[in-house]
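> See data_8.txt below, with compact mmCIF, C-alpha atoms and all ligand atoms.
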# COMPACT_ATOMS: atom_id res chain seq x y z
CA MET A 1 0.00 0.00 0.00
CA ASN A 2 1.46 3.33 -0.92
CA CYS A 3 1.99 6.32 1.29
CA PHE A 4 -0.25 9.29 1.14
CA ASN A 5 1.48 12.59 1.22
CA ILE A 6 -1.33 15.02 1.74
CA PHE A 7 1.00 17.99 1.73
CA THR A 8 4.73 18.23 1.67
CA SER A 9 5.94 17.29 5.10
CA LYS A 10 7.39 20.28 6.93
CA ARG A 11 10.63 18.92 8.23
CA HIS A 12 11.15 19.33 11.90
CA LYS A 13 14.58 20.90 12.28
CA PRO A 14 16.28 19.13 15.17
CA SER A 15 17.00 21.80 17.73
CA PRO A 16 19.53 21.56 20.51
CA ASN A 17 17.61 19.92 23.33
CA LYS A 18 17.24 22.06 26.40
CA SER A 19 15.87 19.39 28.68
CA LYS A 20 15.03 15.72 28.88
CA PRO A 21 11.76 14.67 27.33
CA SER A 22 9.23 14.96 30.14
CA THR A 23 8.10 11.35 29.78
CA ALA A 24 8.68 9.75 33.15
CA ARG A 25 8.07 6.45 31.40
CA SER A 26 11.15 6.72 29.21
CA VAL A 27 13.74 4.08 29.88
CA LYS A 28 16.94 5.87 29.04
CA SER A 29 20.02 4.20 27.70
CA SER A 30 23.17 4.28 29.74
CA SER A 31 24.38 7.07 27.49
CA SER A 32 21.52 9.24 28.69
CA VAL A 33 22.69 12.69 29.71
CA ASP A 34 20.93 15.78 31.01
CA SER A 35 20.67 17.30 27.56
CA PRO A 36 19.77 14.51 25.18
CA ARG A 37 21.27 15.00 21.78
CA SER A 38 19.24 15.27 18.62
CA ILE A 39 19.29 12.60 15.92
CA VAL A 40 21.52 14.83 13.78
CA GLU A 41 24.03 15.18 16.61
CA LEU A 42 23.94 11.45 17.28
CA TYR A 43 24.30 10.77 13.57
CA ASN A 44 27.38 12.96 13.37
CA GLU A 45 28.82 10.82 16.14
CA ARG A 46 27.81 7.37 14.88
CA GLY A 47 26.84 7.65 11.22
CA HIS A 48 30.37 7.07 9.97
CA ASN A 49 29.71 3.33 10.40
CA LEU A 50 27.64 3.49 7.24
CA ARG A 51 29.35 2.51 4.02
CA LYS A 52 29.28 4.98 1.14
CA PHE A 53 28.70 3.28 -2.19
CA SER A 54 29.29 4.67 -5.64
CA PHE A 55 26.41 4.43 -8.11
CA LEU A 56 28.53 2.11 -10.26
CA GLU A 57 29.07 -0.29 -7.36
CA LEU A 58 25.33 -0.59 -6.80
CA ARG A 59 24.60 -0.86 -10.48
CA ASN A 60 27.02 -3.78 -10.64
CA ALA A 61 25.60 -5.24 -7.44
CA THR A 62 22.13 -5.45 -9.00
CA ASP A 63 23.16 -6.38 -12.56
CA ASN A 64 22.21 -2.92 -13.77
CA PHE A 65 19.00 -2.95 -11.73
CA ASN A 66 17.91 -6.04 -13.52
CA ARG A 67 14.13 -6.56 -13.46
CA SER A 68 14.57 -10.18 -12.49
CA LEU A 69 16.23 -9.03 -9.26
CA LYS A 70 13.44 -6.64 -8.34
CA ILE A 71 11.90 -7.73 -5.03
CA GLY A 72 9.51 -4.91 -4.29
CA GLU A 73 8.18 -1.50 -5.10
CA GLY A 74 6.98 1.22 -2.74
CA GLY A 75 6.41 4.95 -2.60
CA PHE A 76 10.17 5.59 -2.50
CA GLY A 77 11.05 3.50 -5.51
CA SER A 78 12.08 -0.03 -6.43
CA VAL A 79 13.87 -2.55 -4.25
CA TYR A 80 16.39 -5.01 -5.78
CA LYS A 81 18.21 -8.00 -4.44
CA GLY A 82 21.93 -7.50 -4.90
CA SER A 83 25.32 -8.77 -3.97
CA ILE A 84 28.20 -6.61 -2.73
CA ARG A 85 31.77 -7.37 -1.90
CA PRO A 86 32.57 -7.47 1.82
CA VAL A 87 34.17 -4.39 3.43
CA ALA A 88 37.68 -5.83 3.62
CA GLY A 89 37.42 -6.92 -0.02
CA HIS A 90 37.82 -10.65 0.64
CA GLY A 91 35.41 -13.36 1.73
CA ASP A 92 31.97 -14.25 0.42
CA PRO A 93 29.88 -11.57 -1.27
CA LEU A 94 27.12 -10.16 0.90
CA VAL A 95 23.49 -10.43 -0.20
CA VAL A 96 21.72 -7.09 0.23
CA ALA A 97 18.54 -5.23 -0.65
CA VAL A 98 19.10 -2.04 -2.66
CA LYS A 99 16.36 0.60 -2.64
CA LYS A 100 16.56 3.08 -5.47
CA LEU A 101 14.76 6.39 -5.28
CA ARG A 102 12.42 6.91 -8.17
CA ARG A 103 13.32 10.26 -9.71
CA ASN A 104 10.86 12.88 -8.52
CA GLY A 105 9.47 10.20 -6.22
CA MET A 106 6.94 11.45 -3.71
CA GLN A 107 8.97 10.50 -0.71
CA GLY A 108 12.10 11.93 -2.23
CA HIS A 109 15.36 13.22 -0.97
CA LYS A 110 14.12 14.35 2.44
CA GLU A 111 12.90 10.89 3.32
CA TRP A 112 16.13 9.39 2.03
CA LEU A 113 18.10 11.69 4.33
CA THR A 114 15.83 10.99 7.31
CA GLU A 115 16.23 7.27 6.76
CA VAL A 116 20.03 7.54 6.61
CA GLN A 117 20.13 9.68 9.75
CA PHE A 118 17.79 7.58 11.89
CA LEU A 119 19.11 4.19 10.76
CA GLY A 120 22.65 5.50 11.20
CA VAL A 121 21.86 6.04 14.87
CA VAL A 122 19.51 3.28 16.00
CA ASP A 123 20.78 -0.21 16.75
CA HIS A 124 18.37 -2.99 17.66
CA PRO A 125 17.81 -6.58 16.49
CA ASN A 126 14.23 -5.70 15.49
CA LEU A 127 15.13 -2.79 13.24
CA VAL A 128 16.42 -3.45 9.75
CA LYS A 129 20.13 -2.76 9.40
CA LEU A 130 21.17 -0.07 6.97
CA LEU A 131 24.58 -1.05 5.61
CA GLY A 132 25.18 2.07 3.58
CA TYR A 133 23.94 4.48 0.99
CA CYS A 134 24.70 6.17 -2.31
CA SER A 135 24.20 9.83 -3.04
CA ALA A 136 25.32 10.94 -6.47
CA ASP A 137 24.40 14.06 -8.38
CA GLY A 138 25.54 13.95 -11.95
CA GLU A 139 24.57 14.55 -15.54
CA ARG A 140 21.95 11.84 -15.22
CA GLY A 141 20.21 13.65 -12.35
CA ILE A 142 20.22 12.86 -8.67
CA GLN A 143 20.65 9.29 -7.54
CA ARG A 144 19.71 8.31 -4.02
CA LEU A 145 19.98 4.70 -2.93
CA LEU A 146 19.92 2.77 0.31
CA VAL A 147 21.60 -0.57 0.98
CA TYR A 148 20.08 -2.83 3.65
CA GLU A 149 20.63 -6.27 5.04
CA TYR A 150 18.57 -8.67 2.91
CA MET A 151 15.45 -10.04 4.58
CA PRO A 152 14.76 -13.43 2.96
CA ASN A 153 11.14 -13.75 4.06
CA LYS A 154 9.96 -10.43 2.64
CA SER A 155 7.28 -8.56 4.54
CA LEU A 156 4.42 -9.45 6.85
CA GLU A 157 2.09 -7.94 4.25
CA ASP A 158 3.36 -10.38 1.62
CA HIS A 159 2.65 -13.37 3.89
CA LEU A 160 -0.72 -12.24 5.16
CA PHE A 161 -2.31 -11.14 1.93
CA TYR A 162 -0.70 -13.05 -0.93
CA ARG A 163 -2.06 -16.56 -1.21
CA SER A 164 1.11 -17.72 -2.99
CA MET A 165 3.12 -17.16 0.18
CA PRO A 166 3.20 -19.84 2.88
CA LEU A 167 0.75 -19.54 5.73
CA ILE A 168 2.11 -18.09 8.96
CA PRO A 169 0.97 -20.26 11.89
CA TRP A 170 -0.52 -18.73 15.04
CA ILE A 171 2.53 -18.87 17.30
CA THR A 172 4.72 -17.42 14.54
CA ARG A 173 2.21 -14.57 14.11
CA LEU A 174 2.45 -13.78 17.81
CA LYS A 175 6.23 -13.91 17.72
CA ILE A 176 6.31 -11.56 14.73
CA LEU A 177 4.08 -9.14 16.62
CA LEU A 178 6.28 -9.44 19.70
CA SER A 179 9.49 -8.73 17.81
CA ALA A 180 7.89 -5.78 15.98
CA ALA A 181 6.63 -4.46 19.35
CA GLU A 182 10.13 -4.76 20.79
CA GLY A 183 11.47 -2.68 17.91
CA LEU A 184 8.86 0.03 18.49
CA ALA A 185 9.36 -0.07 22.29
CA TYR A 186 13.06 0.57 21.71
CA LEU A 187 12.27 3.58 19.52
CA HIS A 188 9.76 5.01 22.00
CA GLU A 189 11.37 4.16 25.30
CA GLY A 190 14.87 2.83 24.90
CA LEU A 191 16.88 5.60 23.27
CA GLU A 192 18.37 8.87 24.42
CA VAL A 193 16.05 10.59 21.99
CA GLN A 194 12.44 9.46 21.59
CA VAL A 195 11.65 8.33 18.05
CA ILE A 196 8.19 8.22 16.48
CA PHE A 197 8.16 5.74 13.60
CA ARG A 198 5.08 7.23 11.90
CA ASP A 199 4.62 4.57 9.22
CA PHE A 200 3.98 1.31 11.05
CA LYS A 201 2.17 -1.11 8.73
CA SER A 202 2.46 -4.73 7.65
CA SER A 203 4.59 -3.93 4.60
CA ASN A 204 7.16 -2.25 6.83
CA VAL A 205 7.54 -5.33 9.01
CA LEU A 206 10.23 -7.39 7.27
CA LEU A 207 10.95 -11.00 8.17
CA ASP A 208 14.36 -12.65 8.53
CA GLU A 209 15.12 -16.34 7.91
CA LYS A 210 13.67 -17.26 11.32
CA PHE A 211 10.61 -15.04 10.88
CA ASN A 212 11.86 -12.46 13.37
CA ALA A 213 10.41 -9.07 12.52
CA LYS A 214 12.52 -6.06 11.68
CA LEU A 215 10.98 -2.66 11.09
CA SER A 216 11.97 -0.91 7.90
CA ASP A 217 11.31 2.48 6.33
CA PHE A 218 12.42 5.28 8.57
CA GLY A 219 11.83 7.92 5.91
CA LEU A 220 8.92 9.38 7.88
CA ALA A 221 10.39 8.91 11.36
CA ARG A 222 10.51 11.94 13.64
CA GLU A 223 12.06 12.87 16.93
CA GLY A 224 9.49 12.90 19.71
CA PRO A 225 8.40 16.11 21.42
CA GLN A 226 11.01 17.83 23.54
CA GLY A 227 10.72 19.46 26.94
CA ASP A 228 7.18 20.44 27.88
CA HIS A 229 5.74 19.89 24.41
CA SER A 230 3.09 17.19 24.23
CA HIS A 231 3.39 16.61 20.50
CA VAL A 232 5.32 17.42 17.34
CA SER A 233 3.43 19.45 14.74
CA THR A 234 3.68 18.15 11.20
CA MET A 235 1.63 17.98 8.09
CA PRO A 236 -0.18 14.64 8.17
CA ILE A 237 1.78 12.04 6.26
CA GLY A 238 1.65 8.29 6.49
CA THR A 239 -0.47 5.51 5.02
CA TYR A 240 -4.26 5.50 4.65
CA GLY A 241 -5.88 3.16 7.08
CA TYR A 242 -2.91 3.00 9.45
CA ALA A 243 -2.49 6.62 10.53
CA ALA A 244 -4.13 7.62 13.84
CA PRO A 245 -7.30 9.68 13.25
CA GLU A 246 -6.34 12.52 15.59
CA TYR A 247 -3.00 12.83 13.79
CA VAL A 248 -4.70 12.95 10.39
CA ASP A 249 -7.11 15.60 11.73
CA THR A 250 -4.65 17.84 13.57
CA GLY A 251 -1.12 16.98 12.43
CA HIS A 252 -0.22 16.55 16.12
CA LEU A 253 2.18 13.65 16.23
CA LYS A 254 2.94 11.62 19.37
CA THR A 255 4.33 8.19 20.10
CA ASN A 256 0.68 7.22 20.74
CA SER A 257 0.08 7.66 17.00
CA ASP A 258 2.29 4.59 16.44
CA LEU A 259 0.15 2.69 18.95
CA TRP A 260 -2.92 3.19 16.75
CA SER A 261 -1.06 1.78 13.74
CA PHE A 262 0.09 -1.16 15.86
CA GLY A 263 -3.54 -1.87 16.80
CA VAL A 264 -4.45 -1.92 13.10
CA VAL A 265 -1.73 -4.49 12.37
CA LEU A 266 -2.89 -6.60 15.35
CA TYR A 267 -6.30 -6.90 13.70
CA GLU A 268 -4.73 -7.58 10.29
CA ILE A 269 -2.75 -10.48 11.75
CA LEU A 270 -5.77 -11.92 13.59
CA SER A 271 -8.07 -11.70 10.59
CA GLY A 272 -5.72 -12.06 7.61
CA ARG A 273 -7.59 -9.08 6.13
CA ARG A 274 -6.21 -5.77 4.93
CA VAL A 275 -7.16 -2.66 6.87
CA ILE A 276 -8.89 -1.40 3.73
CA ASP A 277 -9.92 -3.91 1.09
CA THR A 278 -12.04 -2.58 -1.75
CA HIS A 279 -12.40 -6.09 -3.19
CA ARG A 280 -14.71 -7.13 -0.35
CA PRO A 281 -18.44 -6.41 0.04
CA GLN A 282 -19.11 -2.79 1.06
CA SER A 283 -19.82 -3.65 4.72
CA GLU A 284 -16.50 -5.51 5.07
CA GLN A 285 -14.17 -3.09 3.31
CA LYS A 286 -13.04 -1.25 6.43
CA LEU A 287 -11.52 -3.80 8.78
CA LEU A 288 -11.83 -1.68 11.93
CA GLU A 289 -15.54 -1.10 11.30
CA TRP A 290 -16.18 -4.75 10.45
CA VAL A 291 -14.49 -6.24 13.55
CA LYS A 292 -16.66 -4.09 15.83
CA GLN A 293 -19.53 -6.52 15.20
CA PHE A 294 -17.51 -9.31 16.81
CA PRO A 295 -16.20 -8.03 20.17
CA PRO A 296 -13.44 -10.05 21.88
CA ASP A 297 -15.71 -11.45 24.62
CA SER A 298 -18.63 -12.26 22.35
CA LYS A 299 -19.60 -15.72 21.14
CA ARG A 300 -19.18 -14.61 17.52
CA PHE A 301 -15.60 -13.42 18.05
CA ARG A 302 -14.22 -16.39 16.06
CA MET A 303 -15.78 -14.84 12.94
CA ILE A 304 -12.91 -12.37 12.68
CA MET A 305 -10.17 -15.01 12.76
CA ASP A 306 -8.19 -15.76 9.59
CA PRO A 307 -9.74 -18.89 8.00
CA ARG A 308 -6.26 -19.85 6.78
CA LEU A 309 -5.40 -20.61 10.42
CA ASN A 310 -7.79 -23.56 10.18
CA ASN A 311 -8.88 -23.08 13.80
CA LYS A 312 -5.34 -23.80 14.95
CA TYR A 313 -4.96 -21.06 17.50
CA SER A 314 -5.61 -20.43 21.17
CA LEU A 315 -9.02 -18.79 21.40
CA SER A 316 -8.36 -17.19 24.77
CA ALA A 317 -5.01 -15.77 23.57
CA ALA A 318 -6.72 -14.47 20.40
CA ARG A 319 -9.39 -12.74 22.49
CA ASN A 320 -6.64 -11.12 24.58
CA VAL A 321 -4.81 -9.94 21.46
CA ALA A 322 -8.08 -8.41 20.16
CA LYS A 323 -8.55 -6.62 23.51
CA LEU A 324 -5.00 -5.35 23.23
CA ALA A 325 -5.79 -4.09 19.72
CA ASP A 326 -8.89 -2.30 21.06
CA SER A 327 -6.75 -0.57 23.70
CA CYS A 328 -4.36 0.64 20.98
CA LEU A 329 -7.35 1.89 18.96
CA ARG A 330 -8.84 4.07 21.70
CA LYS A 331 -10.01 7.41 20.32
CA ASN A 332 -8.22 9.28 23.10
CA PRO A 333 -4.51 8.82 22.41
CA GLU A 334 -3.67 9.30 26.09
CA GLU A 335 -5.60 6.13 26.92
CA ARG A 336 -3.52 3.94 24.63
CA PRO A 337 -0.94 1.67 26.32
CA LEU A 338 2.84 2.02 26.16
CA MET A 339 4.74 -0.18 23.75
CA SER A 340 6.49 -1.85 26.71
CA THR A 341 3.05 -2.89 28.01
CA ILE A 342 2.24 -4.34 24.58
CA VAL A 343 5.47 -6.35 24.75
CA ASP A 344 4.40 -7.81 28.14
CA ARG A 345 0.89 -8.67 26.92
CA LEU A 346 2.17 -10.38 23.79
CA GLN A 347 4.61 -12.44 25.86
CA GLU A 348 1.61 -13.53 27.95
CA ALA A 349 -0.36 -14.43 24.82
CA ILE A 350 2.57 -16.55 23.59
CA ARG A 351 2.82 -18.35 26.96
CA GLU A 352 -0.94 -18.91 26.96
CA SER A 353 -0.85 -20.34 23.44
CA GLU A 354 2.09 -22.59 24.23
CA ILE A 355 0.39 -23.93 27.34
CA ASN A 356 -2.69 -24.70 25.26
CA ASN A 357 -0.35 -26.90 23.26
CA ILE A 358 -2.17 -26.31 20.03
CA SER A 359 -1.52 -28.68 17.19
CA GLU A 360 0.01 -26.06 14.90
CA LEU A 361 3.09 -26.17 17.13
CA ARG A 362 3.74 -29.61 15.71
CA SER A 363 3.47 -28.39 12.11
CA PRO A 364 5.92 -25.52 11.71
CA LEU A 365 6.65 -23.72 8.46
CA PRO A 366 8.67 -25.61 5.87
CA GLU A 367 12.38 -24.98 5.80
CA PRO A 368 13.28 -21.66 4.10
CA SER A 369 14.75 -23.41 1.06
CA THR A 370 11.37 -24.95 0.19
CA ARG A 371 9.47 -21.70 0.51
CA ARG A 372 8.52 -19.87 -2.63
CA MET A 373 10.56 -16.68 -2.83
CA VAL A 374 10.98 -14.08 -5.48
N1 LIG B 1 15.71 -5.19 3.27
C1 LIG B 1 14.84 -5.85 2.50
N2 LIG B 1 15.00 -7.17 2.26
C2 LIG B 1 14.13 -7.85 1.48
N3 LIG B 1 13.02 -7.31 0.92
C3 LIG B 1 12.80 -6.00 1.12
C4 LIG B 1 13.69 -5.19 1.91
N4 LIG B 1 13.20 -3.92 1.94
C5 LIG B 1 12.08 -3.95 1.21
N5 LIG B 1 11.82 -5.18 0.71
C6 LIG B 1 10.69 -5.60 -0.14
O1 LIG B 1 10.29 -4.52 -0.96
C7 LIG B 1 8.93 -4.21 -0.71
C8 LIG B 1 8.71 -2.73 -0.92
O2 LIG B 1 9.29 -2.03 0.12
P1 LIG B 1 9.10 -0.47 0.32
O3 LIG B 1 9.50 -0.19 1.70
O4 LIG B 1 9.83 0.23 -0.75
O5 LIG B 1 7.57 -0.19 0.05
P2 LIG B 1 6.26 -0.45 0.88
O6 LIG B 1 6.62 -0.62 2.33
O7 LIG B 1 5.51 -1.58 0.25
O8 LIG B 1 5.44 0.85 0.65
P3 LIG B 1 5.71 2.34 1.18
O9 LIG B 1 6.66 2.96 0.27
O10 LIG B 1 4.38 2.95 1.16
O11 LIG B 1 6.30 2.20 2.56
C9 LIG B 1 8.65 -4.72 0.70
O12 LIG B 1 7.30 -4.98 0.94
C10 LIG B 1 9.49 -5.98 0.73
O13 LIG B 1 8.78 -7.06 0.14
MG MG B 2 8.11 -0.01 3.26
Please rewrite the model in this file as structure tokens.

Amino acid sequence: MNCFNIFTSKRHKPSPNKSKPSTARSVKSSSSVDSPRSIVELYNERGHNLRKFSFLELRNATDNFNRSLKIGEGGFGSVYKGSIRPVAGHGDPLVVAVKKLRRNGMQGHKEWLTEVQFLGVVDHPNLVKLLGYCSADGERGIQRLLVYEYMPNKSLEDHLFYRSMPLIPWITRLKILLSAAEGLAYLHEGLEVQVIFRDFKSSNVLLDEKFNAKLSDFGLAREGPQGDHSHVSTMPIGTYGYAAPEYVDTGHLKTNSDLWSFGVVLYEILSGRRVIDTHRPQSEQKLLEWVKQFPPDSKRFRMIMDPRLNNKYSLSAARNVAKLADSCLRKNPEERPLMSTIVDRLQEAIRESEINNISELRSPLPEPSTRRMV
């Protein structure tokens, strides 16, 4: 699903921070100091770990951006599977994903820069690793590319909504949610500077060979509010269906906006349905409206569950996940839970499902080599 870009996003210029963010809930890293540094300052300190590629290197890495190596397409541009030589120049080539900015692409240079800056600073097993970038301005126009670790199992969106992809069993779904939640909790609560992801959706949850989730696409990420400010003011930007309604209405961005998007993905994973699906009957097109008819404690709750799961899930854990989704989708953003609370609840749901010893645990996914990949 592509991003909407209602207006051009007014970039928040990182200002020297005068005081700690007022969130008592923040778990600060050991590097926390009285005046937390901005992303730009942190980037200037840490960003040199990123490798700078020439355009030629990336062209060679992707066989001249060969169509057969194309693995995806988004608002930023096309994504190719590629192969680069290791840093020291010897050893096995490294398989990577190369994202190439479409010229005059909507997300454009600003998002490219934001992505480089944020991913140059953050470091967590549930965030995709940016290996390097290419920025070249020449006769052939501007070239902006990003080079990431390659995620062999594509995105959660691919698995949930494309019938050609293997089914994700219940426990794996919960573990994907847990690892994605851990990534978001780190951004919200685990860094010196609070980071709002702003574009949480199933296509931005990438899956590694063991189906661990890693969040990708930091082009819309923002630093959280500083000092006494309760929110960051921006022009609404994000993806239809996933963006929190109060953010779309006011442009006031908070970490709680990410919680709304997380609630949407919780329902997508329970139901196997897209948040907006115009191919369904009118009354079922909007997932959040449709699920309201089947509340978590009702007898008809099972109706929302993905039929591809074949009833192989823990009903009580599923009800609890739906309740968790409802708490993320509260109209009042202040009433939404913290990401660290979501992490705890998902761990409970996993324990509950494992205790129920459901049969799907005995029929895991096939080995990666037998899965159908692009
Ligand atoms: N590091 C990666 N490894 C493997 N596949 C990737 C990687 N990054 C992206 N992809 C693939 O490319 C697809 C497109 O990604 P991209 O982030 O450009 O667009 P999107 O998330 O679908 O849409 P949007 O631009 O609105 O965020 C992903 O869904 C995924 O299948
Ligand atoms: Mg994406």
> Rank nothing, just name the residue among A:Gln282, A:Pro236, A:Ser340, A:Lys323 nearest to A:Asp297, using all atoms listed in the file.
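Counting all atoms listed in the file, the residue closest to A:Asp297 is A:Lys323.
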> Pick out the closest residue to ligand MG 2 (chain B) from this set: A:Phe76, A:Phe301, A:Tyr162, A:Tyr242. Count all atoms listed in the file.
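Checking each of A:Phe76, A:Phe301, A:Tyr162, A:Tyr242 against ligand MG 2 (chain B), counting all atoms listed in the file, the winner is A:Phe76.
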> Considering all atoms listed in the file, return as a list in words whatever protein or nucleic-acid residues lie within 12 Å of A:Asn44, sequence-local ones (same chain, fewer than 6 positions apart) excluded.
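Those residues are Arg37, Ser38, Leu50, Val116, Gln117, Phe118, Gly120 and Val121 of chain A.
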> Can you write just those residues out, C-alpha atoms, as a PDB file, keeping the file's coordinate frame?

ATOM      1  CA  ARG A  37      21.270  15.000  21.780  1.00  0.00           C
ATOM      2  CA  SER A  38      19.240  15.270  18.620  1.00  0.00           C
ATOM      3  CA  LEU A  50      27.640   3.490   7.240  1.00  0.00           C
ATOM      4  CA  VAL A 116      20.030   7.540   6.610  1.00  0.00           C
ATOM      5  CA  GLN A 117      20.130   9.680   9.750  1.00  0.00           C
ATOM      6  CA  PHE A 118      17.790   7.580  11.890  1.00  0.00           C
ATOM      7  CA  GLY A 120      22.650   5.500  11.200  1.00  0.00           C
ATOM      8  CA  VAL A 121      21.860   6.040  14.870  1.00  0.00           C
TER       9      VAL A 121
END
> Name each residue within 8 Å of ligand LIG 1 (chain B), counting all atoms listed in the file, as a ChimeraX atom specification.
/A:1-4,71-81,96-99,107,128-129,147-158,199,201-204,206,216-217,239
> Using all atoms listed in the file, give me every residue within 7 Å of (11.4, 13.2, 4.0) in file coordinates, as a list in words.
Ser9, Gln107, Gly108, His109, Lys110, Glu111, Trp112, Leu113, Thr114, Gly219 and Leu220 of chain A
> Give me the residues within 10 Å of stretch 246-258 of chain A as a ChimeraX atom specification, counting all atoms listed in the file and dropping any in the same chain fewer than 5 places off.
/A:6,184-185,187-189,194-201,222-225,230-238,240,263-264,328-329,331-339
> Take the residues from that selection and put them in a file with C-alpha atoms, as a PDB file, in the frame of the given file.

ATOM      1  CA  ILE A   6      -1.330  15.020   1.740  1.00  0.00           C
ATOM      2  CA  LEU A 184       8.860   0.030  18.490  1.00  0.00           C
ATOM      3  CA  ALA A 185       9.360  -0.070  22.290  1.00  0.00           C
ATOM      4  CA  LEU A 187      12.270   3.580  19.520  1.00  0.00           C
ATOM      5  CA  HIS A 188       9.760   5.010  22.000  1.00  0.00           C
ATOM      6  CA  GLU A 189      11.370   4.160  25.300  1.00  0.00           C
ATOM      7  CA  GLN A 194      12.440   9.460  21.590  1.00  0.00           C
ATOM      8  CA  VAL A 195      11.650   8.330  18.050  1.00  0.00           C
ATOM      9  CA  ILE A 196       8.190   8.220  16.480  1.00  0.00           C
ATOM     10  CA  PHE A 197       8.160   5.740  13.600  1.00  0.00           C
ATOM     11  CA  ARG A 198       5.080   7.230  11.900  1.00  0.00           C
ATOM     12  CA  ASP A 199       4.620   4.570   9.220  1.00  0.00           C
ATOM     13  CA  PHE A 200       3.980   1.310  11.050  1.00  0.00           C
ATOM     14  CA  LYS A 201       2.170  -1.110   8.730  1.00  0.00           C
ATOM     15  CA  ARG A 222      10.510  11.940  13.640  1.00  0.00           C
ATOM     16  CA  GLU A 223      12.060  12.870  16.930  1.00  0.00           C
ATOM     17  CA  GLY A 224       9.490  12.900  19.710  1.00  0.00           C
ATOM     18  CA  PRO A 225       8.400  16.110  21.420  1.00  0.00           C
ATOM     19  CA  SER A 230       3.090  17.190  24.230  1.00  0.00           C
ATOM     20  CA  HIS A 231       3.390  16.610  20.500  1.00  0.00           C
ATOM     21  CA  VAL A 232       5.320  17.420  17.340  1.00  0.00           C
ATOM     22  CA  SER A 233       3.430  19.450  14.740  1.00  0.00           C
ATOM     23  CA  THR A 234       3.680  18.150  11.200  1.00  0.00           C
ATOM     24  CA  MET A 235       1.630  17.980   8.090  1.00  0.00           C
ATOM     25  CA  PRO A 236      -0.180  14.640   8.170  1.00  0.00           C
ATOM     26  CA  ILE A 237       1.780  12.040   6.260  1.00  0.00           C
ATOM     27  CA  GLY A 238       1.650   8.290   6.490  1.00  0.00           C
ATOM     28  CA  TYR A 240      -4.260   5.500   4.650  1.00  0.00           C
ATOM     29  CA  GLY A 263      -3.540  -1.870  16.800  1.00  0.00           C
ATOM     30  CA  VAL A 264      -4.450  -1.920  13.100  1.00  0.00           C
ATOM     31  CA  CYS A 328      -4.360   0.640  20.980  1.00  0.00           C
ATOM     32  CA  LEU A 329      -7.350   1.890  18.960  1.00  0.00           C
ATOM     33  CA  LYS A 331     -10.010   7.410  20.320  1.00  0.00           C
ATOM     34  CA  ASN A 332      -8.220   9.280  23.100  1.00  0.00           C
ATOM     35  CA  PRO A 333      -4.510   8.820  22.410  1.00  0.00           C
ATOM     36  CA  GLU A 334      -3.670   9.300  26.090  1.00  0.00           C
ATOM     37  CA  GLU A 335      -5.600   6.130  26.920  1.00  0.00           C
ATOM     38  CA  ARG A 336      -3.520   3.940  24.630  1.00  0.00           C
ATOM     39  CA  PRO A 337      -0.940   1.670  26.320  1.00  0.00           C
ATOM     40  CA  LEU A 338       2.840   2.020  26.160  1.00  0.00           C
ATOM     41  CA  MET A 339       4.740  -0.180  23.750  1.00  0.00           C
TER      42      MET A 339
END
> In terms of the shortest atom-to-atom distance over all atoms listed in the file, which of A:Lys299, A:Glu115, A:Pro245, A:Leu288 is closest to ligand MG 2 (chain B)?
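Of the candidates, the smallest distance to ligand MG 2 (chain B) is held by A:Glu115.
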> Quick one: everything within 8 Å of stretch 309-318 of chain A, counting only C-alpha atoms, minus sequence neighbours fewer than 2 positions away in the same chain. Send it as a PyMOL selection string.
chain A and resi 167+169-171+270+302+305-307+320-322+349-350+352-353+356+358-360
> One decimal, in Å: what's the spacing between atom CA of A:Leu346 and atom CA of A:Leu207?
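Distance reported for this atom pair: 17.9 Å.
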> Can you measure atom CA of A:Leu69 to atom CA of A:Gly82 for me? One decimal in Å is fine.
7.3 Å
> Between atom CA of A:Val193 and atom CA of A:Leu131, what is the distance, to one decimal in Å?
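Between atom CA of A:Val193 and atom CA of A:Leu131 the gap works out to 21.8 Å.
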> For ligand MG 2 (chain B), which of A:Gly141, A:Leu215, A:Glu284, A:Ala325 is the closest residue, counting all atoms listed in the file?
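Of all the options, A:Leu215 lies closest to ligand MG 2 (chain B).
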> Between A:Phe218, A:Leu42, A:Pro86, A:Leu56, which one has atoms that come closest to ligand MG 2 (chain B), using all atoms listed in the file?
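Going through A:Phe218, A:Leu42, A:Pro86, A:Leu56 one by one, the smallest distance to ligand MG 2 (chain B) is for A:Phe218.
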> Using all atoms listed in the file, which of A:Thr341, A:Gln226, A:Ser327, A:Ser261 sits nearest A:Pro296?
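Going through A:Thr341, A:Gln226, A:Ser327, A:Ser261 one by one, the smallest distance to A:Pro296 is for A:Ser327.
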